[in-house]
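Read the structure below first, then the notes.
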Protein chains: 4
Amino acid sequence: MKIERIGLSVLCLILLCVAAVAVGPPTCPASNAAAAGCGGDGDGEWEGEFFPGIPNIKYEGPKSKNPLAFKWYNADEEILGKKMRDWLRFSVAFWHTFRGSGGDPFGAPTKFWPWEDGTNSLAMAKRRMRANFEFLKKLGVDKWCFHDKDIAPDGATFEDTNANLDEIVALAKELQGNTINLLWGTSQLFHHPRYMHGGATSPELGVYAYAAAQVKKAMEVTHYLGGENYVFWGGREGYQSLLNTDMERELDHMARFFEAAVAYKKKIGFNGTLLIEPKPQEPTKHQYDWDAATAANFLRKYGLINEFKLNIECNHATLSGHSCHHELETARINGLLGNIDANTGDPQVGWDTDEFLTDVGEATKVMLSVVKNGGLAPGGFNFDAKLRRESTDVEDLFIAHISGMDTLARGLRNVAKLIEDGSLDELVRKRYQSFDSELGALIEAGKADFELLEKKAMEWGEPKVPSGKQELAEMIFQSAI
Amino acid sequence: MKIERIGLSVLCLILLCVAAVAVGPPTCPASNAAAAGCGGDGDGEWEGEFFPGIPNIKYEGPKSKNPLAFKWYNADEEILGKKMRDWLRFSVAFWHTFRGSGGDPFGAPTKFWPWEDGTNSLAMAKRRMRANFEFLKKLGVDKWCFHDKDIAPDGATFEDTNANLDEIVALAKELQGNTINLLWGTSQLFHHPRYMHGGATSPELGVYAYAAAQVKKAMEVTHYLGGENYVFWGGREGYQSLLNTDMERELDHMARFFEAAVAYKKKIGFNGTLLIEPKPQEPTKHQYDWDAATAANFLRKYGLINEFKLNIECNHATLSGHSCHHELETARINGLLGNIDANTGDPQVGWDTDEFLTDVGEATKVMLSVVKNGGLAPGGFNFDAKLRRESTDVEDLFIAHISGMDTLARGLRNVAKLIEDGSLDELVRKRYQSFDSELGALIEAGKADFELLEKKAMEWGEPKVPSGKQELAEMIFQSAI
Amino acid sequence: MKIERIGLSVLCLILLCVAAVAVGPPTCPASNAAAAGCGGDGDGEWEGEFFPGIPNIKYEGPKSKNPLAFKWYNADEEILGKKMRDWLRFSVAFWHTFRGSGGDPFGAPTKFWPWEDGTNSLAMAKRRMRANFEFLKKLGVDKWCFHDKDIAPDGATFEDTNANLDEIVALAKELQGNTINLLWGTSQLFHHPRYMHGGATSPELGVYAYAAAQVKKAMEVTHYLGGENYVFWGGREGYQSLLNTDMERELDHMARFFEAAVAYKKKIGFNGTLLIEPKPQEPTKHQYDWDAATAANFLRKYGLINEFKLNIECNHATLSGHSCHHELETARINGLLGNIDANTGDPQVGWDTDEFLTDVGEATKVMLSVVKNGGLAPGGFNFDAKLRRESTDVEDLFIAHISGMDTLARGLRNVAKLIEDGSLDELVRKRYQSFDSELGALIEAGKADFELLEKKAMEWGEPKVPSGKQELAEMIFQSAI
Amino acid sequence: MKIERIGLSVLCLILLCVAAVAVGPPTCPASNAAAAGCGGDGDGEWEGEFFPGIPNIKYEGPKSKNPLAFKWYNADEEILGKKMRDWLRFSVAFWHTFRGSGGDPFGAPTKFWPWEDGTNSLAMAKRRMRANFEFLKKLGVDKWCFHDKDIAPDGATFEDTNANLDEIVALAKELQGNTINLLWGTSQLFHHPRYMHGGATSPELGVYAYAAAQVKKAMEVTHYLGGENYVFWGGREGYQSLLNTDMERELDHMARFFEAAVAYKKKIGFNGTLLIEPKPQEPTKHQYDWDAATAANFLRKYGLINEFKLNIECNHATLSGHSCHHELETARINGLLGNIDANTGDPQVGWDTDEFLTDVGEATKVMLSVVKNGGLAPGGFNFDAKLRRESTDVEDLFIAHISGMDTLARGLRNVAKLIEDGSLDELVRKRYQSFDSELGALIEAGKADFELLEKKAMEWGEPKVPSGKQELAEMIFQSAI
């Protein structure tokens with residue numbers, strides 16, 4: 001036997017075998033649905049419910065002990081002049097909920113949902129999509145998000161892959177009906193080995209072209225599904241080492257890629273918001289969209305600042321050394337707060353844990369920014385959060401989402417309390433009131449030069465500096481929780 | 001179709017399909033070697049070389065530009081009274097080099113070595129073992145390490161699994177011959193879903209028993225192969241959340257497990273050193289063997305301090321907030337420095353990157369500890385290091401190992417220079433010389449009580465405190481590099 | 001002019017000038033109370049209240065908006081069978097509250113309390129002590145803690161220094177009366193330049209003796225004041241660089257020092273608990289009492305494990321890479337939980353911020369450990385927490401303490417809710433119930449060897465592994481908040 | 001006695017007493033030079049050398065063991081077409097070298113240089129300035145940097161303060177002569193309590209004006225001294241808590257302040273470069289100039305991008321989660337690399353340690369960026385680095401600087417080797433060569449739209465993706481060291 005022969009014959013088999021490993025539960029290739037070793041029920045229809053023991057989740061109020069009920073999220077209740085559902089605009093992330101396998105760098109998948117048949121067939125993709133919509137309905141969530149590769153299997157050629165995607169997307173559109181809509185779509189440019197050096201920033205021109213073709217299609221199907229936004233998370237758009245990287249050229253390529261995306265969006269009449277999702281690192285050592293400020297600098301440098309907003313993820317925020325509140329405020333102040341990936345990390349952990357947010361204090365700070373922003377629409381809160389690897393019951397999917405929704409709902413209620421109380425706003429207003437003066441107005445208008453300011457400083461002598469009252473601010477904040 | 005039926009029938013298929021995902025390249029189950037979709041050459045013999053373009057790696061000295069030659073590692077050259085090979089005792093880690101797939105939490109495998117046929121058959125396992133020994137010989141390394149699950153496929157039952165392991169181990173013994181030996185073996189208690197809550201610390205008694213049975217077998221085959229050590233890395237022995245964990249009970253279970261391991265080791269006459277490998281976290285939030293001091297406290301608490309040593313990994317050291325040098329010194333001072341997992345992390349990255357160490361300064365500090373320890377035997381330097389996901393050429397396997405070996409060899413040469421020069425040792429000796437006195441001797445013998453010390457303090461008045469000379473120490477250190 | 005002359009004459013002046021810089025607000029030396037440039041009112045008595053606008057702080061319940069009232073801490077209310085005051089045993093830290101200057105590495109002091117006269121005289125020390133007791137009484141806290149150097153100025157000789165301390169301590173004893181007592185004393189072995197290389201671990205024998213004499217005196221005055229504990233925080237007991245350090249010898253010295261402390265404690269009949277306070281680093285790169293496990297390993301290695309307990313500080317916990325809950329549980333499980341330094345850090349900040357804890361979730365986890373430990377007595381909760389540098393109003397001292405006390409009180413109330421509800425305990429109990437069996441008992445008794453376990457594993461086949469239910473545990477936990 | 005009286009009379013005394021605490025060694029106020037308790041030699045002249053035992057530092061080559069000689073830095077040797085002195089443009093930082101006290105958050109000052117007399121008098125300021133120039137000359141460095149507050153004592157009024165500064169600056173100009181020049185000046189807006197909430201971002205308008213007046217003067221004296229740059233480090237321009245902060249308003253104020261600085265610079269004909277020095281945090285929780293990208297975004301947002309460059313500090317880089325190399329490249333690519341604060345941090349430490357860089361690998365990466373940038377002029381390498389607190393010998397000041405200079409010189413020599421060898425550059429060039437094609441040119445010109453790219457992707461099928469060769473790149477890099 002010769003090396004070459006094996007190399008050639010096995011490569012594509014292996015590629016097919018593993019394509020979905022990190023994204024979804026272990027499955028087999030679409031082209032191989034009924035083959036030995038890869039399950040055989042992929043073409044069968046699923047009859048009845050996917051979640052037979054789970055009721056529609058209802059609001060029961062804070063005293064309820066029912067894990068399958070909301071204690072704080074009451075969708076149609078009005079808070080601060082809007083329904084909770086309109087402030088929160090919750091969305092389920094297809095990838096974590098329906099393709100999350102429980103695998104991690106040291107462990108195999110642990111999730112074996114009853115509706116999975118072990119194949120990666122089109123039939124299985126459809127069945128999974130039906131499960132998604134049942135899940136949404138039982139949970140009372142009317143938005144969802146997906147990557148192209150989550151929802152449909154690859155075909156043998158690019159054209160076949162697109163055809164598979166079209167077939168699934170048609171079903172999704174039907175299942176959306178009038179009650180559910182797509183918060184956003186995105187394309188997965190990080191999982192396949194072809195993207196190991198990046199998509200838009202790959203040193204290989206062929207990969208750049210491939211990535212463009214993939215985004216083109218993903219934007220089309222997002223548009224077709226009525227998506228309100230389109231997201232770019234550049235998981236591989238970064239570097240592992242500067243020694244073998246031409247960062248400047250890669251950033252230029254990324255800008256050209258985004259320009260082409262903007263042009264194509266306009267060409268097809270897609271009016272959704274384009275969103276960049278900052279993340280500092282992982283899987284790369286450095287990701288080009290490190291944090292909100294870094295992404296904003298990139299957008300400004302290349303003249304794209306008016307074409308994009310940001311999708312802020314709390315876990316990415318803390319990995320970049322910032323609080324989530326900081327990243328939200330930075331995005332807001334730069335006019336870029338478009339969407340929130342609602343999750344949280346572990347403060348002692350240096351990688352992306354994508355946990356459901358259950359910290360009420362944190363949720364209150366998140367909602368402070370959202371309310372200041374006047375809400376997030378057309379963005380929303382996408383649950384880019386996953387079950388712990390060790391959580392393997394179907395009901396855990398519901399418990400986790402309920403917990404996350406309740407926590408943010410509670411945050412919203414707390415913000416309402418803070419606003420009603422007014423003392424925190426008043427504390428802040430007072431701190432800056434010396435600028436609500438004639439000279440303050442001059443300064444803020446850019447009309448106070450150094451000579452004028454020096455004259456005033458000499459006139460006034462040593463300025464008084466009052467206490468910052470941080471402990472009082474924290475006391476007020478905690479009292480609202 | 002009913003949920004239950006799929007659930008039952010598909011579960012084991014899926015388990016088989018994915019068993020090796022994170023450990024090895026994508027392969028198919030042993031029981032399914034020639035099945036459709038899983039390659040068919042698993043039973044064929046491999047003729048000729050695995051690394052046809054790669055020569056035996058030779059020492060060519062620091063001026064060589066040949067990537068496939070050593071510039072600093074000259075195995076038989078004597079340094080500080082020992083051959084370099086005896087100071088360094090290099091070992092290749094089977095898992096990274098032969099089962100590393102390039103997969104990461106966001107990406108599919110990228111390594112498709114020519115000798116892999118896409119199966120997880122026994123035949124493939126044998127072929128891979130032959131590749132391992134050719135690699136060792138070409139590289140000029142005479143030790144290796146493995147996990148049980150790396151080298152042989154699981155069978156349908158525990159007995160079958162053991163039989164598979166025996167078959168491969170017999171081949172390995174034959175291939176070892178008189179020139180290559182096993183630095184250590186270990187068992188993999190972290191990858192399979194059954195171990196998701198831990199092995200020795202799983203809340204499930206059945207898993208505890210299963211883990212014991214697996215370690216029993218792995219110790220037996222390590223003994224059979226003449227292994228000099230046996231390692232415990234408890235990747236899942238920790239917790240994700242204290243809220244659902246009884247840490248005290250889990251630690252007690254871990255102690256009982258280690259006691260049983262010690263007893264079994266003695267029973268079968270295995271004289272190798274038992275090694276615990278500290279790691280702070282990942283995949284768990286907290287791993288019970290957090291760092292050297294934590295592992296030492298555990299061993300002391302449970303009366304196991306004389307039965308174990310530590311396997312210090314540099315990347316684990318830095319993840320725990322310590323320098324590698326610190327962890328080595330802590331192990332050494334506690335009489336526990338047994339082995340080194342030679343790798344490095346990225347100082348800006350919060351997860352285990354397992355890179356080959358190429359920093360000469362770091363390597364010099366590592367070798368300072370090793371030389372102070374009088375060497376590592378019966379331990380050694382195991383290359384628990386992997387190619388970057390993006391490095392996909394066969395020659396990269398050689399380049400990486402050569403680079404790691406040269407770096408440590410250079411560290412050793414630098415330590416020799418420092419010792420010969422003597423000024424760093426002298427600087428340290430002088431700092432403590434006030435204790436080389438009568439009162440110093442009393443203090444160090446535990447015979448100086450507070451009254452005596454107070455009397456002296458009053459007598460002497462304000463003590464003189466000389467400069468710490470850290471910058472001078474650093475200058476001397478850097479000059480040796 | 002010659003270098004030597006200035007060097008000699010200025011050195012002690014400078015030392016006196018700066019002795020209190022980092023510890024207290026800027027003052028002048030005791031010996032120089034009325035000198036030009038150093039204020040002159042140090043010998044005058046202070047008439048009337050120190051906190052004239054501040055009432056005695058009372059419990060007003062959760063609806064109160066009064067910043068100077070407790071909303072959750074109701075000292076005499078019984079929770080889980082004990083009064084809140086007995087669970088919480090609050091203590092005010094003299095150093096932060098009365099000597100905290102607001103200085104930081106980049107900024108000068110900012111606190112200029114009205115009772116400070118700018119001197120470091122004995123009279124000023126007495127006035128400050130009176131302020132402390134008024135503060136305690138108004139706050140309704142009946143315990144306090146101090147360092148020797150906080151409360152009394154140094155004299156020209158060791159004997160004079162001790163005499164100063166005696167004079168202040170006599171006043172403190174009088175002010176304590178029957179209603180207030182000393183939670184613990186400690187000696188400051190980190191601020192003075194003589195301790196720059198450590199106290200017990202200084203390479204200078206003279207410094208070791210000086211430190212011993214200082215601790216001897218501090219233990220005596222702690223005993224005199226009826227202190228319930230004595231704390232060792234070894235801020236300089238560590239290293240900046242391993243290159244100029246003999247860590248092994250330093251650790252041996254530290255052990256000898258602690259042995260002498262134990263002997264002296266017994267000799268003088270002091271029955272208080274000796275406490276070690278772990279901290280990972282800052283001001284050193286590595287502090288020898290890195291975390292609870294490291295301190296426990298040290299105590300075990302040197303046979304001191306029964307003579308000491310630990311004082312766990314939450315901010316130190318997170319700096320060492322652990323949650324505070326983890327450190328408390330580690331201390332508890334090792335039988336070492338003696339006291340808590342109640343504060344918190346900033347999760348995005350890499351140094352000790354010593355903030356008042358205002359996170360209710362965190363406080364609930366802290367109280368879970370305290371309740372499991374059956375309380376902390378004779379230890380307590382010492383507020384080792386300081387105002388932000390920018391908080392400069394006297395009332396901020398009260399607001400901060402009230403906020404910290406309320407937060408922990410709320411944590412206690414939440415624990416009571418969790419215990420009453422019972423579902424979290426039940427979840428944990430169930431996870432481990434497979435060990436509540438015959439084989440489980442054998443394992444836990446150390447009587448299940450590998451052969452028996454292997455037999456069982458083979459008999460049982462693949463074990464079932466239930467969901468870890470972490471999300472459910474978090475939902476239950478959050479519901480209690 | 002009444003509170004008010006003490007409050008009023010003592011406040012200014014205290015302020016004067018402590019003004020220099022964190023910046024300089026402990027001294028007394030200018031107005032109080034000969035007062036009791038504050039030394040009395042402040043007005044005497046210093047005769048003879050400040051560093052009598054220290055020779056002019058010379059280049060002796062790599063084999064020298066003389067700590068007071070250069071082994072790698074040979075100022076006039078030509079490397080890569082320029083003299084080493086012109087590539088490196090070294091500068092001594094007045095604050096660390098002459099005002100560094102050794103104080104830290106837990107400890108008093110430790111440096112008592114023989115020339116210090118314990119006063120903060122003008123005479124002392126002059127003597128210190130003479131010491132600075134002797135230091136520069138002996139070290140063979142011809143540039144220096146300072147903060148306004150480092151070099152001259154404050155007076156009773158703003159006018160007096162300016163007069164003091166003028167007097168010292170006149171002396172400095174004289175001492176500069178024709179051989180030494182000012183790399184940059186800056187103003188210290190972080191140490192005094194008035195700046196506790198910030199200077200340009202203080203919520204107090206009076207402080208904003210005061211800061212403007214101070215910067216105005218500092219720019220004037222920098223101009224007078226022929227400074228080549230002017231630096232803004234906004235140590236307090238950030239926040240401690242978002243709860244009491246209006247970040248948007250503060251950022252607007254900061255922009256107005258910088259605009260006024262630009263206008264004033266032009267008005268007075270100062271042609272030096274304005275530099276912003278990013279730092280992520282410390283002393284604030286978040287500093288507005290977090291890193292290079294954040295500063296660039298700010299500059300772009302407010303239209304200031306062409307008026308400023310950046311001063312990159314390596315320790316700040318790593319505190320922000322980036323390698324120093326990354327920050328240098330980010331600055332370079334954004335056209336903003338203006339100056340380097342040459343120091344390093346400890347990879348395991350979370351605060352600014354400002355150590356002299358002694359890691360040759362790191363220095364080589366730094367020099368890679370500098371050489372790519374064509375050098376740094378009119379910027380340079382300022383040693384913003386300090387002795388460890390425990391290093392208290394005068395010679396340590398020289399050893400530390402020599403070590404830092406040699407390390408960077410060695411880095412430069414290594415870069416020359418890498419460039420001469422050419423293989424690293426070639427490796428990078430090859431990685432991107434697919435873009436050196438017709439389609440590549442179209443893409444880079446922004447002329448390849450998604451349709452064209454999709455067409456190509458379909459045509460080509462699966463792209464080939466070569467190995468990233470990171471290990472080879474690292475091997476080449478290490479071989480040059």
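Just so we're on the same page: first chain in the structure tokens is A, next is B, and so on; residues restart at 1 for each chain, and ligands are numbered from 1 in the order they show up.
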
Considering only C-alpha atoms, extract the chain A residues located within 8 Å of chain C and return them as a PyMOL selection string.
-> chain A and resi 62+67+318+321-323+347-348+358-361+387-388+390-393+396+399-400+403+466-472+474-475+478-479

Saved selection, atoms kept: N, CA and C atoms, as a JSON list (two decimals), in the first residue's frame:
```
[["chain", "number", "residue", "atom", "x", "y", "z"],
["A", 62, "PRO", "N", -43.44, 35.49, 41.22],
["A", 62, "PRO", "CA", -42.23, 35.22, 42.00],
["A", 62, "PRO", "C", -42.39, 34.13, 43.05],
["A", 67, "PRO", "N", -40.32, 24.87, 38.30],
["A", 67, "PRO", "CA", -39.17, 25.18, 37.43],
["A", 67, "PRO", "C", -39.60, 25.45, 36.00],
["A", 318, "THR", "N", -16.37, 40.17, 29.12],
["A", 318, "THR", "CA", -15.51, 39.89, 30.28],
["A", 318, "THR", "C", -14.20, 39.25, 29.85],
["A", 321, "GLY", "N", -11.65, 41.79, 29.22],
["A", 321, "GLY", "CA", -11.18, 42.60, 30.35],
["A", 321, "GLY", "C", -12.15, 43.70, 30.74],
["A", 322, "HIS", "N", -13.33, 43.70, 30.14],
["A", 322, "HIS", "CA", -14.33, 44.72, 30.44],
["A", 322, "HIS", "C", -15.55, 44.09, 31.11],
["A", 323, "SER", "N", -16.28, 44.88, 31.86],
["A", 323, "SER", "CA", -17.59, 44.42, 32.29],
["A", 323, "SER", "C", -18.53, 44.44, 31.09],
["A", 347, "PRO", "N", -16.34, 34.33, 36.14],
["A", 347, "PRO", "CA", -15.31, 35.34, 36.37],
["A", 347, "PRO", "C", -13.92, 34.75, 36.63],
["A", 348, "GLN", "N", -13.85, 33.48, 36.97],
["A", 348, "GLN", "CA", -12.52, 32.88, 37.20],
["A", 348, "GLN", "C", -12.05, 32.04, 36.02],
["A", 358, "THR", "N", -27.63, 34.30, 35.08],
["A", 358, "THR", "CA", -28.56, 34.16, 36.21],
["A", 358, "THR", "C", -28.25, 35.12, 37.34],
["A", 359, "ASP", "N", -27.36, 36.07, 37.08],
["A", 359, "ASP", "CA", -26.99, 37.03, 38.11],
["A", 359, "ASP", "C", -27.86, 38.28, 37.95],
["A", 360, "VAL", "N", -28.69, 38.53, 38.93],
["A", 360, "VAL", "CA", -29.68, 39.60, 38.81],
["A", 360, "VAL", "C", -29.02, 40.98, 38.77],
["A", 361, "GLY", "N", -27.96, 41.15, 39.53],
["A", 361, "GLY", "CA", -27.26, 42.44, 39.53],
["A", 361, "GLY", "C", -26.72, 42.74, 38.14],
["A", 387, "LEU", "N", -26.34, 24.78, 27.55],
["A", 387, "LEU", "CA", -26.35, 23.92, 28.72],
["A", 387, "LEU", "C", -24.92, 23.54, 29.08],
["A", 388, "ARG", "N", -24.67, 23.37, 30.37],
["A", 388, "ARG", "CA", -23.40, 22.78, 30.79],
["A", 388, "ARG", "C", -23.29, 21.39, 30.15],
["A", 390, "GLU", "N", -22.68, 18.71, 31.36],
["A", 390, "GLU", "CA", -23.21, 17.67, 32.24],
["A", 390, "GLU", "C", -24.73, 17.72, 32.37],
["A", 391, "SER", "N", -25.36, 18.68, 31.72],
["A", 391, "SER", "CA", -26.81, 18.80, 31.80],
["A", 391, "SER", "C", -27.39, 18.11, 30.58],
["A", 392, "THR", "N", -28.00, 16.99, 30.79],
["A", 392, "THR", "CA", -28.33, 16.13, 29.65],
["A", 392, "THR", "C", -29.80, 15.78, 29.54],
["A", 393, "ASP", "N", -30.64, 16.37, 30.38],
["A", 393, "ASP", "CA", -32.08, 16.13, 30.26],
["A", 393, "ASP", "C", -32.68, 17.13, 29.29],
["A", 396, "ASP", "N", -33.74, 20.29, 30.80],
["A", 396, "ASP", "CA", -32.70, 21.28, 31.11],
["A", 396, "ASP", "C", -32.68, 22.41, 30.09],
["A", 399, "ILE", "N", -35.38, 24.70, 31.33],
["A", 399, "ILE", "CA", -35.02, 25.33, 32.61],
["A", 399, "ILE", "C", -33.99, 26.44, 32.39],
["A", 400, "ALA", "N", -33.01, 26.15, 31.56],
["A", 400, "ALA", "CA", -31.95, 27.13, 31.32],
["A", 400, "ALA", "C", -32.51, 28.39, 30.66],
["A", 403, "SER", "N", -34.71, 30.37, 33.10],
["A", 403, "SER", "CA", -33.86, 31.04, 34.08],
["A", 403, "SER", "C", -33.24, 32.30, 33.47],
["A", 466, "PRO", "N", -15.83, 67.37, 45.37],
["A", 466, "PRO", "CA", -16.71, 66.62, 46.29],
["A", 466, "PRO", "C", -16.49, 65.11, 46.20],
["A", 467, "SER", "N", -16.99, 64.43, 47.18],
["A", 467, "SER", "CA", -16.96, 62.97, 47.22],
["A", 467, "SER", "C", -17.64, 62.38, 45.98],
["A", 468, "GLY", "N", -17.13, 61.29, 45.49],
["A", 468, "GLY", "CA", -17.73, 60.61, 44.35],
["A", 468, "GLY", "C", -18.96, 59.80, 44.70],
["A", 469, "LYS", "N", -19.17, 59.55, 45.98],
["A", 469, "LYS", "CA", -20.39, 58.88, 46.47],
["A", 469, "LYS", "C", -20.64, 57.52, 45.81],
["A", 470, "GLN", "N", -19.55, 56.81, 45.53],
["A", 470, "GLN", "CA", -19.73, 55.50, 44.88],
["A", 470, "GLN", "C", -20.46, 54.51, 45.78],
["A", 471, "GLU", "N", -20.13, 54.52, 47.06],
["A", 471, "GLU", "CA", -20.79, 53.57, 47.96],
["A", 471, "GLU", "C", -22.28, 53.86, 48.06],
["A", 472, "LEU", "N", -22.63, 55.13, 48.03],
["A", 472, "LEU", "CA", -24.05, 55.47, 48.05],
["A", 472, "LEU", "C", -24.73, 55.00, 46.77],
["A", 474, "GLU", "N", -23.86, 52.52, 44.96],
["A", 474, "GLU", "CA", -24.00, 51.06, 45.03],
["A", 474, "GLU", "C", -25.12, 50.65, 45.97],
["A", 475, "MET", "N", -25.25, 51.38, 47.06],
["A", 475, "MET", "CA", -26.34, 51.09, 48.00],
["A", 475, "MET", "C", -27.70, 51.28, 47.32],
["A", 478, "GLN", "N", -28.18, 48.41, 44.80],
["A", 478, "GLN", "CA", -28.50, 47.13, 45.42],
["A", 478, "GLN", "C", -29.89, 47.12, 46.03],
["A", 479, "SER", "N", -30.33, 48.27, 46.49],
["A", 479, "SER", "CA", -31.66, 48.31, 47.10],
["A", 479, "SER", "C", -32.76, 48.02, 46.09]]
```

Do a neighbour search on range 242-246 of chain D at 7 Å with only C-alpha atoms, toss out local chain neighbours closer than 2 positions, and write the hits as a ChimeraX atom specification.
-> /A:428,470,473 /D:239-240,248-250

Using C-alpha atoms, can you write the selected residues to a file as a PDB file, in the first residue's frame?
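Writing the result to result26.pdb gives the following:
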```pdb
ATOM      1  CA  VAL A 428     -25.195  61.409  38.639  1.00  0.00           C
ATOM      2  CA  GLN A 470     -19.728  55.502  44.876  1.00  0.00           C
ATOM      3  CA  ALA A 473     -24.621  54.736  44.366  1.00  0.00           C
TER       4      ALA A 473
ATOM      5  CA  TYR D 239     -14.005  55.619  35.944  1.00  0.00           C
ATOM      6  CA  GLN D 240     -14.185  53.518  39.079  1.00  0.00           C
ATOM      7  CA  GLU D 248     -20.405  59.909  27.267  1.00  0.00           C
ATOM      8  CA  ARG D 249     -20.140  63.387  28.718  1.00  0.00           C
ATOM      9  CA  GLU D 250     -16.677  62.677  30.092  1.00  0.00           C
TER      10      GLU D 250
END
```

Can you pull out every residue within 12 Å of Leu136 in chain A, counting only C-alpha atoms, but drop anything in the same chain fewer than 2 positions away, and send it as JSON, numbers by chain?
-> {"A": [50, 51, 55, 56, 57, 90, 91, 92, 93, 94, 97, 98, 129, 130, 131, 132, 133, 134, 138, 139, 140, 141, 142, 143, 144, 145, 175, 176, 179, 180, 181, 182, 397, 398, 401, 402]}

Two-atom distance - CA of Glu454 in chain D, CA of Ala211 in chain A (Å) | 8.6 Å

Atomic distance CA of Asp352 in chain B - CA of Gly185 in chain B, expressed in Å with one decimal =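 These two atoms are separated by 21.0 Å.
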
So which residues of range 121-362 of chain D fall under strand (DSSP E or B) by DSSP, listed as a PyMOL selection string?
-> chain D and resi 143-147+181-186+229-232+238-239+273-276+286-287+308-313+337-341+344+350+355

Near Pro193 in chain C, counting only C-alpha atoms, which residues have an atom at most 10 Å away, once you skip same-chain residues fewer than 5 positions from it, shown as JSON, numbers by chain?
-> {"B": [464, 465], "C": [15, 19, 198], "D": [102, 103, 107, 108, 109, 110, 111, 389, 390]}

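Interatomic distance, CA of Asp289 in chain C against CA of Thr353 in chain C: 18.8 Å.
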
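Closest approach to Pro278 in chain D among D:Thr294, D:Ser101, D:Thr157, D:Asn339: D:Thr294, based on only C-alpha atoms.
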
Shell of 12 Å around Leu171 in chain C, only C-alpha atoms, local chain residues under 2 positions omitted, as a PyMOL selection string | chain C and resi 122-123+125-130+132-133+151-152+164-169+173-177+221+224-225

Residue contacts of Leu88 in chain C (8 Å, only C-alpha atoms) excluding same-chain residues fewer than 4 positions away, as JSON, numbers by chain | {"C": [84, 375, 376, 380, 381, 408, 409]}

List every residue of range 53-251 of chain A that DSSP, applied to the backbone of this structure, assigns to alpha helix (DSSP H), and report them as a VMD selection string.
-> chain A and resid 84 to 88 94 to 99 122 to 139 148 to 151 158 to 176 205 to 224 247 to 251
